[in-house]
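Each remark here refers to the structure printed beneath this line.
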Amino acid sequence: MKKKYETLEEATAIYTEYAECIPEEGDMVDMYHRYRNEWKGFNGFLDWLMYHDHK
């Protein structure tokens with residue numbers, strides 16, 4: 001099965017639950033683009049988020 005990255009909307013929902021706050025739109029888009037550049041080395045957005053400790 002091919003790995004799939006999360007969409008921006010899914011990533012925003014994951015971030016909101018993980019960090020317990022709603023991110024600024026511009027910050028979330030920047031973070032999402034960094035995730036998309038590295039996503040193949042991680043098991044989803046939450047794994048990437050926890051690795052980089054974005055809280």
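Ordered as shown in the structure tokens, chains take letters A, B, and onward, while each chain numbers its residues from 1 and ligands are numbered from 1 in the order shown.
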
Find the residues near Val29 (chain A): any atom within 12 Å, counting only C-alpha atoms, skip ones fewer than 4 places away on the same chain, and give them as a tab-separated table (two decimals) with C-alpha atoms, in the first residue's frame.
```tsv
chain	number	residue	atom	x	y	z
A	7	THR	CA	-4.15	17.14	3.47
A	8	LEU	CA	-3.78	20.65	4.90
A	9	GLU	CA	-7.22	20.38	6.49
A	11	ALA	CA	-3.01	18.37	9.30
A	12	THR	CA	-4.68	21.45	10.79
A	15	TYR	CA	-2.22	20.11	15.03
A	23	PRO	CA	-2.73	27.73	14.59
A	24	GLU	CA	-2.48	30.97	12.64
A	25	GLU	CA	-3.27	30.26	9.00
A	33	HIS	CA	4.90	22.83	3.42
A	34	ARG	CA	7.85	21.76	5.59
A	35	TYR	CA	5.97	18.54	6.39
A	36	ARG	CA	5.26	17.86	2.71
```

Which residue gives the smallest distance to Leu49 (chain A) among A:Asn37, A:Glu20, A:Tyr32, A:Tyr5, with only C-alpha atoms counted? A:Tyr32

Excluding Lys4 (chain A) and any residue of its chain fewer than 3 positions from it, enumerate the residues within 9 Å of it, using only C-alpha atoms, and give them as a VMD selection string. chain A and resid 39 to 40 44

If you run DSSP on the backbone here, which positions in chain A get helix (DSSP H, G or I)? Please write them as a count of residues only. 37

Can you list, as a PyMOL selection string, every protein, DNA or RNA residue that comes within 12 Å of Tyr18 (chain A) when you count only C-alpha atoms, leaving out same-chain residues fewer than 4 positions away? chain A and resi 11-14+22-23+45-50+53-55

Save out the residues we just selected, all heavy atoms, as a CSV table (one decimal), in the first residue's frame.
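The resulting file, again-v1.csv, is shown below:
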```
chain,number,residue,atom,x,y,z
A,11,ALA,N,-4.2,18.0,8.5
A,11,ALA,CA,-3.0,18.4,9.3
A,11,ALA,C,-3.4,19.5,10.3
A,11,ALA,O,-2.9,19.4,11.4
A,11,ALA,CB,-1.9,18.8,8.4
A,12,THR,N,-4.2,20.4,9.9
A,12,THR,CA,-4.7,21.4,10.8
A,12,THR,C,-5.5,20.9,12.0
A,12,THR,O,-5.3,21.2,13.1
A,12,THR,CB,-5.5,22.5,10.0
A,12,THR,OG1,-4.7,23.0,9.0
A,12,THR,CG2,-6.0,23.6,11.0
A,13,ALA,N,-6.3,19.9,11.7
A,13,ALA,CA,-7.1,19.3,12.7
A,13,ALA,C,-6.2,18.5,13.7
A,13,ALA,O,-6.4,18.5,14.9
A,13,ALA,CB,-8.2,18.3,12.1
A,14,ILE,N,-5.2,17.8,13.2
A,14,ILE,CA,-4.3,17.1,14.0
A,14,ILE,C,-3.5,18.0,14.9
A,14,ILE,O,-3.3,17.8,16.1
A,14,ILE,CB,-3.3,16.2,13.1
A,14,ILE,CG1,-4.1,15.1,12.4
A,14,ILE,CG2,-2.1,15.7,13.9
A,14,ILE,CD1,-3.4,14.4,11.3
A,22,ILE,N,-5.5,26.6,18.2
A,22,ILE,CA,-5.7,26.8,16.7
A,22,ILE,C,-4.6,27.6,16.2
A,22,ILE,O,-4.3,28.7,16.6
A,22,ILE,CB,-7.1,27.5,16.4
A,22,ILE,CG1,-8.2,26.6,17.0
A,22,ILE,CG2,-7.3,27.7,14.9
A,22,ILE,CD1,-9.6,27.3,17.0
A,23,PRO,N,-3.9,27.0,15.1
A,23,PRO,CA,-2.7,27.7,14.6
A,23,PRO,C,-3.1,28.9,13.7
A,23,PRO,O,-4.2,28.9,13.1
A,23,PRO,CB,-2.0,26.7,13.8
A,23,PRO,CG,-3.1,25.8,13.3
A,23,PRO,CD,-4.1,25.7,14.5
A,45,PHE,N,1.5,13.0,9.7
A,45,PHE,CA,1.7,14.4,10.1
A,45,PHE,C,2.0,14.4,11.6
A,45,PHE,O,2.9,15.1,12.1
A,45,PHE,CB,0.5,15.3,9.8
A,45,PHE,CG,0.7,16.7,10.2
A,45,PHE,CD1,1.6,17.5,9.5
A,45,PHE,CD2,0.1,17.3,11.3
A,45,PHE,CE1,1.8,18.9,9.9
A,45,PHE,CE2,0.3,18.6,11.7
A,45,PHE,CZ,1.1,19.4,11.0
A,46,LEU,N,1.2,13.6,12.4
A,46,LEU,CA,1.4,13.6,13.9
A,46,LEU,C,2.8,13.2,14.2
A,46,LEU,O,3.5,13.8,15.1
A,46,LEU,CB,0.4,12.8,14.6
A,46,LEU,CG,0.5,12.7,16.1
A,46,LEU,CD1,0.3,14.1,16.7
A,46,LEU,CD2,-0.6,11.8,16.6
A,47,ASP,N,3.3,12.2,13.5
A,47,ASP,CA,4.7,11.7,13.8
A,47,ASP,C,5.7,12.8,13.5
A,47,ASP,O,6.6,13.0,14.2
A,47,ASP,CB,5.0,10.4,12.9
A,47,ASP,CG,6.3,9.8,13.2
A,47,ASP,OD1,6.7,9.7,14.4
A,47,ASP,OD2,6.9,9.3,12.2
A,48,TRP,N,5.5,13.5,12.3
A,48,TRP,CA,6.4,14.6,12.0
A,48,TRP,C,6.3,15.7,13.0
A,48,TRP,O,7.3,16.2,13.4
A,48,TRP,CB,6.0,15.1,10.6
A,48,TRP,CG,6.8,16.2,10.1
A,48,TRP,CD1,8.0,16.2,9.4
A,48,TRP,CD2,6.6,17.6,10.3
A,48,TRP,NE1,8.5,17.4,9.2
A,48,TRP,CE2,7.6,18.4,9.7
A,48,TRP,CE3,5.5,18.4,10.9
A,48,TRP,CZ2,7.7,19.7,9.7
A,48,TRP,CZ3,5.6,19.7,10.9
A,48,TRP,CH2,6.6,20.4,10.3
A,49,LEU,N,5.1,16.0,13.4
A,49,LEU,CA,4.9,17.1,14.4
A,49,LEU,C,5.6,16.8,15.7
A,49,LEU,O,6.2,17.6,16.3
A,49,LEU,CB,3.4,17.2,14.6
A,49,LEU,CG,2.9,18.4,15.3
A,49,LEU,CD1,3.2,19.7,14.5
A,49,LEU,CD2,1.4,18.3,15.5
A,50,MET,N,5.4,15.5,16.2
A,50,MET,CA,6.1,15.2,17.5
A,50,MET,C,7.6,15.1,17.3
A,50,MET,O,8.3,15.5,18.3
A,50,MET,CB,5.5,13.8,17.9
A,50,MET,CG,4.1,13.9,18.4
A,50,MET,SD,3.2,12.4,18.7
A,50,MET,CE,4.4,11.2,19.2
A,53,ASP,N,8.6,18.6,17.5
A,53,ASP,CA,8.1,19.2,18.8
A,53,ASP,C,7.5,20.6,18.6
A,53,ASP,O,7.8,21.5,19.2
A,53,ASP,CB,9.2,19.2,19.8
A,53,ASP,CG,8.6,19.5,21.2
A,53,ASP,OD1,7.4,19.0,21.5
A,53,ASP,OD2,9.3,20.1,22.1
A,54,HIS,N,6.5,20.6,17.6
A,54,HIS,CA,5.8,21.9,17.4
A,54,HIS,C,4.6,22.1,18.3
A,54,HIS,O,3.5,21.6,18.1
A,54,HIS,CB,5.3,21.9,15.9
A,54,HIS,CG,6.3,22.1,14.9
A,54,HIS,ND1,6.9,23.4,14.7
A,54,HIS,CD2,7.0,21.3,14.1
A,54,HIS,CE1,7.8,23.3,13.7
A,54,HIS,NE2,7.8,22.0,13.4
A,55,LYS,N,4.9,22.7,19.4
A,55,LYS,CA,3.8,23.0,20.4
A,55,LYS,C,3.9,24.4,20.8
A,55,LYS,O,4.9,25.1,20.8
A,55,LYS,CB,4.0,22.2,21.6
A,55,LYS,CG,2.9,21.1,21.7
A,55,LYS,CD,2.9,20.5,23.1
A,55,LYS,CE,1.7,19.5,23.1
A,55,LYS,NZ,1.5,18.9,24.3
```
